[in-house]
$ cat data_39.tsv   # TSV, C-alpha atoms
chain	number	residue	atom	x	y	z
A	1121	ALA	CA	11.94	-6.91	-17.09
A	1122	VAL	CA	14.73	-4.81	-15.70
A	1123	ASP	CA	16.53	-4.69	-12.40
A	1124	PRO	CA	14.72	-2.40	-9.97
A	1125	ALA	CA	16.31	0.96	-9.36
A	1126	GLU	CA	17.72	1.49	-5.88
A	1127	PRO	CA	14.94	3.88	-4.77
A	1128	ALA	CA	12.43	1.16	-5.66
A	1129	HIS	CA	14.46	-1.36	-3.68
A	1130	GLU	CA	14.42	0.94	-0.68
A	1131	ALA	CA	10.70	1.53	-1.08
A	1132	ALA	CA	10.09	-2.21	-1.17
A	1133	LEU	CA	12.00	-2.75	2.04
A	1134	ARG	CA	10.16	0.03	3.83
A	1135	GLY	CA	6.85	-0.82	2.20
A	1136	GLY	CA	6.80	-4.47	3.24
A	1137	PHE	CA	7.98	-6.58	0.29
A	1138	PRO	CA	11.34	-8.36	0.47
A	1139	LYS	CA	13.87	-6.83	-1.89
A	1140	ARG	CA	14.06	-9.98	-4.01
A	1141	ARG	CA	10.32	-9.85	-4.60
A	1142	LEU	CA	10.19	-6.46	-6.25
A	1143	VAL	CA	10.19	-6.45	-10.06
A	1144	THR	CA	9.99	-3.43	-12.35
A	1145	LEU	CA	8.77	-3.75	-15.91
A	1146	ASP	CA	9.34	-1.23	-18.67
A	1147	ALA	CA	6.01	-0.86	-20.48
A	1148	LEU	CA	5.17	1.45	-23.38
A	1149	ASP	CA	1.53	1.74	-22.30
A	1150	GLU	CA	1.29	4.31	-19.51
A	1151	GLY	CA	-1.88	2.54	-18.34
A	1152	PHE	CA	0.23	-0.40	-17.15
A	1153	THR	CA	0.14	-0.53	-13.36
A	1154	GLY	CA	1.67	-3.93	-12.64
A	1155	GLY	CA	0.21	-5.54	-9.58
A	1156	VAL	CA	0.74	-8.33	-7.08
A	1157	ALA	CA	1.74	-11.75	-8.42
A	1158	GLY	CA	2.43	-15.17	-6.97
A	1159	LEU	CA	0.83	-17.56	-4.52
A	1160	PRO	CA	-0.54	-16.15	-1.25
A	1161	GLY	CA	2.26	-15.85	1.25
A	1162	ALA	CA	4.96	-15.53	-1.41
A	1163	GLU	CA	3.72	-12.58	-3.45
A	1164	SER	CA	5.86	-10.33	-5.58
A	1165	CYS	CA	5.20	-6.69	-6.35
A	1166	ILE	CA	5.29	-5.73	-10.02
A	1167	LEU	CA	5.92	-2.02	-10.58
A	1168	PRO	CA	6.04	-0.03	-13.82
A	1169	LEU	CA	9.51	1.37	-14.37
A	1170	ALA	CA	7.88	4.71	-15.19
A	1171	TRP	CA	6.58	4.97	-11.63
A	1172	THR	CA	10.08	4.66	-10.19
A	1173	GLU	CA	11.09	7.57	-12.41
A	1174	ARG	CA	8.03	9.82	-11.98
A	1175	LEU	CA	7.01	9.33	-8.37
A	1176	GLU	CA	8.94	10.57	-5.40
A	1177	PRO	CA	10.36	7.83	-3.13
A	1178	ARG	CA	7.82	8.42	-0.33
A	1179	ALA	CA	4.92	8.12	-2.77
A	1180	LEU	CA	6.38	4.95	-4.25
A	1181	GLU	CA	6.90	3.53	-0.79
A	1182	LEU	CA	3.26	4.23	0.05
A	1183	LEU	CA	2.05	2.35	-3.03
A	1184	VAL	CA	4.28	-0.62	-2.23
A	1185	ALA	CA	3.05	-0.58	1.37
A	1186	ARG	CA	-0.55	-0.61	0.15
A	1187	ARG	CA	0.11	-3.68	-1.99
A	1188	ALA	CA	1.93	-5.37	0.88
A	1189	LEU	CA	-1.09	-4.67	3.05
A	1190	VAL	CA	-3.64	-6.25	0.69
A	1191	ALA	CA	-1.37	-9.28	0.45
A	1192	GLY	CA	-0.59	-9.50	4.16
A	1193	ARG	CA	-4.18	-9.09	5.33
A	1194	GLY	CA	-5.52	-11.73	2.97
A	1195	MET	CA	-7.51	-9.34	0.79
A	1196	ARG	CA	-5.75	-10.52	-2.36
A	1197	ALA	CA	-6.03	-14.20	-1.36
A	1198	LEU	CA	-9.77	-13.79	-0.78
A	1199	GLY	CA	-10.10	-12.09	-4.16
A	1200	LEU	CA	-8.22	-14.94	-5.85
A	1201	PHE	CA	-10.39	-17.56	-4.16
A	1202	ALA	CA	-13.62	-15.76	-5.04
A	1203	ALA	CA	-12.54	-15.29	-8.68
A	1204	PHE	CA	-11.59	-18.97	-8.96
A	1205	ALA	CA	-14.88	-20.03	-7.39
A	1206	TRP	CA	-16.82	-17.77	-9.77
A	1207	THR	CA	-14.97	-19.14	-12.81
A	1208	VAL	CA	-15.42	-22.80	-11.88
A	1209	SER	CA	-19.05	-22.46	-10.83
A	1210	THR	CA	-20.10	-20.48	-13.90
A	1211	PHE	CA	-18.41	-22.96	-16.24
A	1212	LEU	CA	-20.11	-25.86	-14.48
A	1213	VAL	CA	-23.43	-24.08	-14.93
A	1214	ALA	CA	-22.58	-23.54	-18.61
A	1215	THR	CA	-22.10	-27.28	-19.11
A	1216	LEU	CA	-25.60	-27.87	-17.75
A	1217	LEU	CA	-27.33	-25.38	-20.05
A	1218	PRO	CA	-28.93	-26.53	-23.34
A	1219	GLY	CA	-26.33	-28.06	-25.66
A	1220	GLY	CA	-23.54	-27.64	-23.14
A	1221	GLY	CA	-21.28	-30.34	-21.79
A	1222	ALA	CA	-17.74	-31.66	-21.91
A	1223	ALA	CA	-18.16	-35.05	-23.58
A	1224	THR	CA	-17.77	-33.83	-27.17
A	1225	VAL	CA	-16.18	-30.90	-28.96
A	1226	ALA	CA	-19.61	-29.57	-29.93
A	1227	GLU	CA	-20.78	-29.67	-26.32
A	1228	PHE	CA	-17.63	-27.95	-25.10
A	1229	VAL	CA	-17.91	-25.19	-27.70
A	1230	THR	CA	-21.54	-24.63	-26.72
A	1231	ALA	CA	-20.60	-24.60	-23.05
A	1232	SER	CA	-17.88	-22.08	-23.85
A	1233	ALA	CA	-20.45	-19.83	-25.54
A	1234	TRP	CA	-22.71	-20.05	-22.50
A	1235	PHE	CA	-19.68	-19.39	-20.28
A	1236	GLY	CA	-18.94	-16.24	-22.28
A	1237	LEU	CA	-22.47	-15.01	-21.62
A	1238	LEU	CA	-22.20	-15.78	-17.90
A	1239	SER	CA	-18.81	-14.07	-17.79
A	1240	PHE	CA	-20.41	-10.98	-19.28
A	1241	VAL	CA	-22.90	-11.08	-16.42
A	1242	GLY	CA	-19.85	-11.12	-14.16
A	1243	LEU	CA	-18.68	-7.88	-15.79
A	1244	LEU	CA	-21.88	-6.30	-14.49
A	1245	VAL	CA	-21.99	-7.66	-10.93
A	1246	LEU	CA	-18.38	-8.28	-9.86
A	1247	PRO	CA	-17.18	-4.66	-10.08
A	1248	THR	CA	-19.26	-3.76	-7.01
A	1249	PRO	CA	-17.33	-5.91	-4.49
A	1250	SER	CA	-14.11	-4.98	-6.30
A	1251	ARG	CA	-14.75	-1.27	-5.76
A	1252	ALA	CA	-15.51	-1.93	-2.11
A	1253	ALA	CA	-12.20	-3.76	-1.75
A	1254	ALA	CA	-10.28	-0.90	-3.36
A	1255	ARG	CA	-11.83	1.57	-0.94
A	1256	ALA	CA	-11.13	-0.79	1.97
A	1257	ALA	CA	-7.46	-0.99	0.95
A	1258	ASP	CA	-7.26	2.79	0.81
A	1259	ALA	CA	-8.81	3.09	4.26
A	1260	ALA	CA	-6.55	0.37	5.67
A	1261	ILE	CA	-3.31	1.95	4.53
A	1262	ALA	CA	-4.51	5.41	5.61
A	1263	GLY	CA	-5.39	4.00	9.03
A	1264	GLU	CA	-2.06	2.22	9.33
A	1265	ARG	CA	-0.10	5.29	8.24
A	1266	PRO	CA	-2.24	8.32	9.17
A	1267	ASP	CA	0.58	10.78	8.56
A	1268	ASP	CA	0.62	9.68	4.93
A	1269	ALA	CA	-3.13	10.06	4.33
A	1270	PRO	CA	-2.76	13.42	2.49
A	1271	ARG	CA	0.06	11.95	0.42
A	1272	LEU	CA	-2.15	8.98	-0.47
A	1273	GLU	CA	-4.76	11.28	-1.99
A	1274	GLY	CA	-2.07	12.94	-4.08
A	1275	VAL	CA	-0.71	9.61	-5.29
A	1276	LEU	CA	-4.18	8.37	-6.22
A	1277	ALA	CA	-4.77	11.59	-8.18
A	1278	ALA	CA	-1.48	11.14	-10.05
A	1279	LEU	CA	-2.33	7.54	-10.96
A	1280	ASP	CA	-5.83	8.54	-12.07
A	1281	ARG	CA	-4.30	10.96	-14.56
A	1282	LEU	CA	-2.31	8.06	-16.03
A	1283	GLN	CA	-5.42	5.87	-16.27
A	1284	ASP	CA	-8.93	6.98	-17.20
A	1285	ASP	CA	-8.38	10.57	-16.07
A	1286	GLU	CA	-11.98	10.63	-14.82
A	1287	PRO	CA	-11.97	12.14	-11.30
A	1288	GLU	CA	-15.75	11.78	-11.17
A	1289	ARG	CA	-18.20	9.46	-12.95
A	1290	PRO	CA	-21.99	9.13	-12.98
A	1291	ASP	CA	-23.06	6.59	-10.35
A	1292	GLY	CA	-24.74	4.33	-12.90
A	1293	VAL	CA	-21.69	4.20	-15.16
A	1294	GLU	CA	-19.34	3.45	-12.29
A	1295	ARG	CA	-21.63	0.84	-10.75
A	1296	ILE	CA	-21.78	-1.29	-13.89
A	1297	PHE	CA	-18.56	-0.81	-15.78
A	1298	HIS	CA	-15.76	0.19	-13.38
A	1299	PRO	CA	-14.19	-2.14	-10.81
A	1300	ILE	CA	-11.87	0.72	-9.77
A	1301	PRO	CA	-13.69	3.55	-7.97
A	1302	SER	CA	-13.38	7.07	-9.28
A	1303	LEU	CA	-10.92	9.39	-7.56
A	1304	GLY	CA	-13.76	11.38	-6.00
A	1305	SER	CA	-15.40	8.23	-4.68
A	1306	ARG	CA	-12.14	7.08	-3.11
A	1307	ARG	CA	-11.53	10.44	-1.47
A	1308	ARG	CA	-15.02	10.47	0.03
A	1309	ALA	CA	-14.64	6.89	1.25
A	1310	LEU	CA	-11.51	7.84	3.21
A	1311	LEU	CA	-13.73	10.04	5.38
A	1312	GLN	CA	-16.04	7.13	6.22
A	1313	PRO	CA	-13.91	3.97	6.13
A	1314	ARG	CA	-15.62	0.59	6.35
A	1315	THR	CA	-14.21	-2.73	7.43
A	1316	GLY	CA	-15.07	-6.31	6.58
A	1317	PRO	CA	-13.98	-9.08	4.18
A	1318	SER	CA	-12.59	-7.63	0.96
A	1319	THR	CA	-12.20	-9.48	-2.33
A	1320	TRP	CA	-9.41	-7.39	-3.85
A	1321	HIS	CA	-9.38	-7.43	-7.67
A	1322	LEU	CA	-12.20	-9.97	-7.85
A	1323	ALA	CA	-13.60	-8.64	-11.14
A	1324	ARG	CA	-10.28	-8.33	-12.93
A	1325	THR	CA	-8.96	-11.67	-11.71
A	1326	ALA	CA	-12.17	-13.33	-12.91
A	1327	ILE	CA	-11.70	-11.69	-16.31
A	1328	TYR	CA	-8.18	-13.08	-16.53
A	1329	LEU	CA	-9.25	-16.58	-15.44
A	1330	SER	CA	-12.07	-16.65	-17.96
A	1331	ILE	CA	-9.54	-17.60	-20.66
A	1332	ALA	CA	-9.76	-21.12	-19.19
A	1333	GLY	CA	-13.21	-21.40	-20.79
A	1334	LEU	CA	-11.97	-20.03	-24.14
A	1335	ASN	CA	-13.50	-16.67	-23.32
A	1336	PRO	CA	-11.80	-13.69	-25.03
A	1337	LEU	CA	-13.10	-11.08	-22.57
A	1338	HIS	CA	-9.67	-10.65	-20.97
A	1339	ARG	CA	-8.62	-8.95	-24.21
A	1340	LEU	CA	-11.88	-7.20	-25.04
A	1341	VAL	CA	-12.98	-5.26	-21.97
A	1342	HIS	CA	-12.97	-1.50	-22.39
A	1343	CYS	CA	-9.84	-0.92	-20.29
A	1344	ASN	CA	-7.49	-3.11	-22.31
A	1345	VAL	CA	-8.90	-3.80	-25.78
A	1346	GLY	CA	-6.06	-3.43	-28.27
A	1347	ARG	CA	-3.55	-2.94	-25.42
A	1348	PRO	CA	-1.60	-6.23	-25.09
A	1349	GLU	CA	0.58	-4.95	-22.23
A	1350	LEU	CA	-2.57	-4.90	-20.09
A	1351	TRP	CA	-3.86	-8.37	-20.93
A	1352	VAL	CA	-2.24	-10.11	-17.95
A	1353	PHE	CA	-2.00	-7.27	-15.45
A	1354	LEU	CA	-5.16	-5.29	-16.00
A	1355	PRO	CA	-5.03	-1.72	-14.64
A	1356	ALA	CA	-5.01	-1.84	-10.85
A	1357	ASP	CA	-6.28	0.54	-8.18
A	1358	GLY	CA	-2.82	1.49	-6.96
$ encode --input "data_39.tsv" --output "structure tokens"
Amino acid sequence: AVDPAEPAHEAALRGGFPKRRLVTLDALDEGFTGGVAGLPGAESCILPLAWTERLEPRALELLVARRALVAGRGMRALGLFAAFAWTVSTFLVATLLPGGGAATVAEFVTASAWFGLLSFVGLLVLPTPSRAAARAADAAIAGERPDDAPRLEGVLAALDRLQDDEPERPDGVERIFHPIPSLGSRRRALLQPRTGPSTWHLARTAIYLSIAGLNPLHRLVHCNVGRPELWVFLPADG
């Protein structure tokens, strides 16, 4: 960790995070996006140092404001709660499946194996509400700051080039494997914004929490396998 540069400090103040709750991290992996950390109501914004060097101050401010919005409107808290509920409920189900339990080591290992299978099911179903939440966050910040809507599209395009660099994906591939919508999908969604409860980062938070059941998926999913800098903060949607 390094002390945030002054432009990042200024962006945090304008974007909605207190200055003391902005942290920049110097990562070698350009796929590192940081994220929002901490308990609801006392979140911190983690930014890659590279962003403070590559993005203009207004663009950086917009990204910080977007993260402040998902925290302030409860979208992140709802995502955390849903991911925790998914993790606990699926592990409880795993203990009830044949051979599973928590009374002996053998039962726990079997339950962990079942939990791994159920977590894989989560990889298939949880990206859908996660994509919806990403699009809702885009629409919310664009609605709150309409003058910055064109800038938002440019920022999202710049971040996409640092991530998968896939502006468009086949619908089937995106539906199953990608909790972050493609750039084209996000642009189209800005034209028809939808409202409603949003579980921000549900899929990726559930992946992280799955380590509690001795599940290695948080290090094996396609976006971060062999990339240890992404094991805690999986690539985010902005």
$ residues_around --input "data_39.tsv" --residues "Ala1231 in chain A" --least-positions-apart "4" --cutoff "6 Å" --atoms "all atoms listed in the file" --output "PyMOL selection string"
chain A and resi 1214-1215+1220-1221+1235
$ closest_residue --input "data_39.tsv" --among "A:Leu1334, A:Ile1300, A:Val1293, A:Ala1260" --to "Ala1233 in chain A" --atoms "all atoms listed in the file"
A:Leu1334
$ atom_distance --input "data_39.tsv" --atom1 "CA of Pro1355 in chain A" --atom2 "CA of Ala1269 in chain A"
22.4 Å
$ closest_atom_pairs --input "data_39.tsv" --of "range 1304-1326 of chain A" --to "range 1182-1204 of chain A" --cutoff "9 Å" --atoms "all atoms listed in the file" --output "JSON lines"
{"residue": "A:Pro1317", "atom": "CA", "partner": "A:Met1195", "partner_atom": "CA", "distance": 7.3}
{"residue": "A:Ser1318", "atom": "CA", "partner": "A:Met1195", "partner_atom": "CA", "distance": 5.4}
{"residue": "A:Thr1319", "atom": "CA", "partner": "A:Gly1199", "partner_atom": "CA", "distance": 3.8}
{"residue": "A:Trp1320", "atom": "CA", "partner": "A:Gly1199", "partner_atom": "CA", "distance": 4.8}
{"residue": "A:His1321", "atom": "CA", "partner": "A:Gly1199", "partner_atom": "CA", "distance": 5.9}
{"residue": "A:Leu1322", "atom": "CA", "partner": "A:Gly1199", "partner_atom": "CA", "distance": 4.7}
{"residue": "A:Ala1323", "atom": "CA", "partner": "A:Ala1203", "partner_atom": "CA", "distance": 7.2}
{"residue": "A:Arg1324", "atom": "CA", "partner": "A:Ala1203", "partner_atom": "CA", "distance": 8.5}
{"residue": "A:Thr1325", "atom": "CA", "partner": "A:Ala1203", "partner_atom": "CA", "distance": 5.9}
{"residue": "A:Ala1326", "atom": "CA", "partner": "A:Ala1203", "partner_atom": "CA", "distance": 4.7}
$ write_last_selection --input "data_39.tsv" --atoms "C-alpha atoms" --output "short mmCIF file (atom, residue, chain, number, x, y, z; two decimals), in the coordinates of the input"
data_model
loop_
_atom_site.label_atom_id
_atom_site.label_comp_id
_atom_site.auth_asym_id
_atom_site.auth_seq_id
_atom_site.Cartn_x
_atom_site.Cartn_y
_atom_site.Cartn_z
CA PRO A 1317 -13.98 -9.08 4.18
CA SER A 1318 -12.59 -7.63 0.96
CA THR A 1319 -12.20 -9.48 -2.33
CA TRP A 1320 -9.41 -7.39 -3.85
CA HIS A 1321 -9.38 -7.43 -7.67
CA LEU A 1322 -12.20 -9.97 -7.85
CA ALA A 1323 -13.60 -8.64 -11.14
CA ARG A 1324 -10.28 -8.33 -12.93
CA THR A 1325 -8.96 -11.67 -11.71
CA ALA A 1326 -12.17 -13.33 -12.91
#
$ closest_residue --input "data_39.tsv" --among "A:Pro1348, A:Phe1137, A:Leu1310, A:Val1245" --to "Ala1257 in chain A" --atoms "all atoms listed in the file"
A:Leu1310
$ residues_around --input "data_39.tsv" --residues "Ala1162 in chain A" --least-positions-apart "4" --cutoff "9 Å" --atoms "all atoms listed in the file" --output "ChimeraX atom specification"
/A:1141,1157-1158
$ residues_around --input "data_39.tsv" --residues "Leu1237 in chain A" --least-positions-apart "3" --cutoff "12 Å" --atoms "only C-alpha atoms" --output "PyMOL selection string"
chain A and resi 1210-1211+1213-1214+1217+1230-1234+1240-1244+1330+1333-1337
$ residues_around --input "data_39.tsv" --residues "Leu1148 in chain A" --least-positions-apart "6" --cutoff "12 Å" --atoms "all atoms listed in the file" --output "ChimeraX atom specification"
/A:1168-1170,1347-1350
$ closest_residue --input "data_39.tsv" --among "A:Gly1316, A:Pro1247, A:Gly1136, A:Gly1155" --to "Pro1301 in chain A" --atoms "all atoms listed in the file"
A:Pro1247
$ closest_residue --input "data_39.tsv" --among "A:Glu1286, A:Glu1227, A:Asp1258, A:Glu1176" --to "Glu1273 in chain A" --atoms "only C-alpha atoms"
A:Asp1258
$ residues_around --input "data_39.tsv" --residues "Gly1292 in chain A" --least-positions-apart "5" --cutoff "12 Å" --atoms "all atoms listed in the file" --output "PDB file with C-alpha atoms, in the frame of the given file"
ATOM      1  CA  LEU A1244     -21.880  -6.300 -14.490  1.00  0.00           C
ATOM      2  CA  THR A1248     -19.260  -3.760  -7.010  1.00  0.00           C
ATOM      3  CA  PHE A1297     -18.560  -0.810 -15.780  1.00  0.00           C
ATOM      4  CA  HIS A1298     -15.760   0.190 -13.380  1.00  0.00           C
TER       5      HIS A1298
END
$ decode --input "data_39.tsv" --residues "range 1156-1168 of chain A" --atoms "all heavy atoms" --output "JSON list (two decimals), in the first residue's frame"
[["chain", "number", "residue", "atom", "x", "y", "z"],
["A", 1156, "VAL", "N", -14.39, -2.07, -3.04],
["A", 1156, "VAL", "CA", -14.90, -1.44, -1.82],
["A", 1156, "VAL", "C", -14.72, -2.45, -0.70],
["A", 1156, "VAL", "O", -15.10, -3.62, -0.84],
["A", 1156, "VAL", "CB", -16.38, -1.05, -1.97],
["A", 1156, "VAL", "CG1", -16.90, -0.42, -0.69],
["A", 1156, "VAL", "CG2", -16.56, -0.08, -3.13],
["A", 1157, "ALA", "N", -14.14, -2.00, 0.42],
["A", 1157, "ALA", "CA", -13.85, -2.89, 1.54],
["A", 1157, "ALA", "C", -14.40, -2.30, 2.82],
["A", 1157, "ALA", "O", -14.61, -1.09, 2.93],
["A", 1157, "ALA", "CB", -12.34, -3.11, 1.66],
["A", 1158, "GLY", "N", -14.63, -3.18, 3.80],
["A", 1158, "GLY", "CA", -15.09, -2.72, 5.10],
["A", 1158, "GLY", "C", -16.55, -3.02, 5.35],
["A", 1158, "GLY", "O", -17.29, -3.42, 4.45],
["A", 1159, "LEU", "N", -16.97, -2.81, 6.59],
["A", 1159, "LEU", "CA", -18.36, -3.05, 6.96],
["A", 1159, "LEU", "C", -19.26, -1.98, 6.37],
["A", 1159, "LEU", "O", -18.83, -0.83, 6.18],
["A", 1159, "LEU", "CB", -18.49, -3.06, 8.49],
["A", 1159, "LEU", "CG", -17.76, -4.18, 9.22],
["A", 1159, "LEU", "CD1", -17.87, -3.99, 10.74],
["A", 1159, "LEU", "CD2", -18.30, -5.55, 8.82],
["A", 1160, "PRO", "N", -20.50, -2.33, 6.05],
["A", 1160, "PRO", "CA", -21.44, -1.32, 5.53],
["A", 1160, "PRO", "C", -21.53, -0.12, 6.45],
["A", 1160, "PRO", "O", -21.66, -0.24, 7.66],
["A", 1160, "PRO", "CB", -22.77, -2.09, 5.47],
["A", 1160, "PRO", "CG", -22.36, -3.52, 5.27],
["A", 1160, "PRO", "CD", -21.10, -3.67, 6.08],
["A", 1161, "GLY", "N", -21.44, 1.05, 5.85],
["A", 1161, "GLY", "CA", -21.47, 2.28, 6.62],
["A", 1161, "GLY", "C", -20.10, 2.83, 6.93],
["A", 1161, "GLY", "O", -19.97, 3.99, 7.33],
["A", 1162, "ALA", "N", -19.07, 2.01, 6.78],
["A", 1162, "ALA", "CA", -17.70, 2.46, 7.04],
["A", 1162, "ALA", "C", -16.76, 1.92, 5.96],
["A", 1162, "ALA", "O", -15.65, 1.50, 6.25],
["A", 1162, "ALA", "CB", -17.25, 2.01, 8.43],
["A", 1163, "GLU", "N", -17.23, 1.95, 4.73],
["A", 1163, "GLU", "CA", -16.45, 1.38, 3.64],
["A", 1163, "GLU", "C", -15.25, 2.24, 3.26],
["A", 1163, "GLU", "O", -15.27, 3.46, 3.43],
["A", 1163, "GLU", "CB", -17.34, 1.19, 2.39],
["A", 1163, "GLU", "CG", -18.40, 0.13, 2.53],
["A", 1163, "GLU", "CD", -19.74, 0.68, 2.96],
["A", 1163, "GLU", "OE1", -19.77, 1.84, 3.45],
["A", 1163, "GLU", "OE2", -20.75, -0.03, 2.80],
["A", 1164, "SER", "N", -14.25, 1.56, 2.74],
["A", 1164, "SER", "CA", -13.10, 2.23, 2.14],
["A", 1164, "SER", "C", -13.05, 1.90, 0.66],
["A", 1164, "SER", "O", -13.54, 0.86, 0.23],
["A", 1164, "SER", "CB", -11.79, 1.76, 2.81],
["A", 1164, "SER", "OG", -11.75, 2.13, 4.17],
["A", 1165, "CYS", "N", -12.46, 2.80, -0.10],
["A", 1165, "CYS", "CA", -12.32, 2.60, -1.53],
["A", 1165, "CYS", "C", -10.87, 2.24, -1.84],
["A", 1165, "CYS", "O", -9.95, 2.99, -1.50],
["A", 1165, "CYS", "CB", -12.72, 3.87, -2.27],
["A", 1165, "CYS", "SG", -12.59, 3.75, -4.07],
["A", 1166, "ILE", "N", -10.68, 1.07, -2.44],
["A", 1166, "ILE", "CA", -9.34, 0.61, -2.81],
["A", 1166, "ILE", "C", -9.16, 0.87, -4.30],
["A", 1166, "ILE", "O", -9.91, 0.36, -5.12],
["A", 1166, "ILE", "CB", -9.17, -0.89, -2.52],
["A", 1166, "ILE", "CG1", -9.68, -1.25, -1.12],
["A", 1166, "ILE", "CG2", -7.72, -1.31, -2.71],
["A", 1166, "ILE", "CD1", -8.93, -0.60, 0.00],
["A", 1167, "LEU", "N", -8.14, 1.66, -4.64],
["A", 1167, "LEU", "CA", -7.88, 2.00, -6.03],
["A", 1167, "LEU", "C", -6.50, 1.50, -6.45],
["A", 1167, "LEU", "O", -5.55, 1.58, -5.67],
["A", 1167, "LEU", "CB", -7.92, 3.52, -6.24],
["A", 1167, "LEU", "CG", -9.27, 4.22, -6.23],
["A", 1167, "LEU", "CD1", -9.06, 5.72, -6.27],
["A", 1167, "LEU", "CD2", -10.12, 3.77, -7.40],
["A", 1168, "PRO", "N", -6.36, 1.00, -7.67],
["A", 1168, "PRO", "CA", -5.03, 0.69, -8.18],
["A", 1168, "PRO", "C", -4.24, 1.98, -8.39],
["A", 1168, "PRO", "O", -4.78, 2.97, -8.90],
["A", 1168, "PRO", "CB", -5.31, 0.00, -9.52],
["A", 1168, "PRO", "CG", -6.75, -0.37, -9.49],
["A", 1168, "PRO", "CD", -7.42, 0.64, -8.62]]
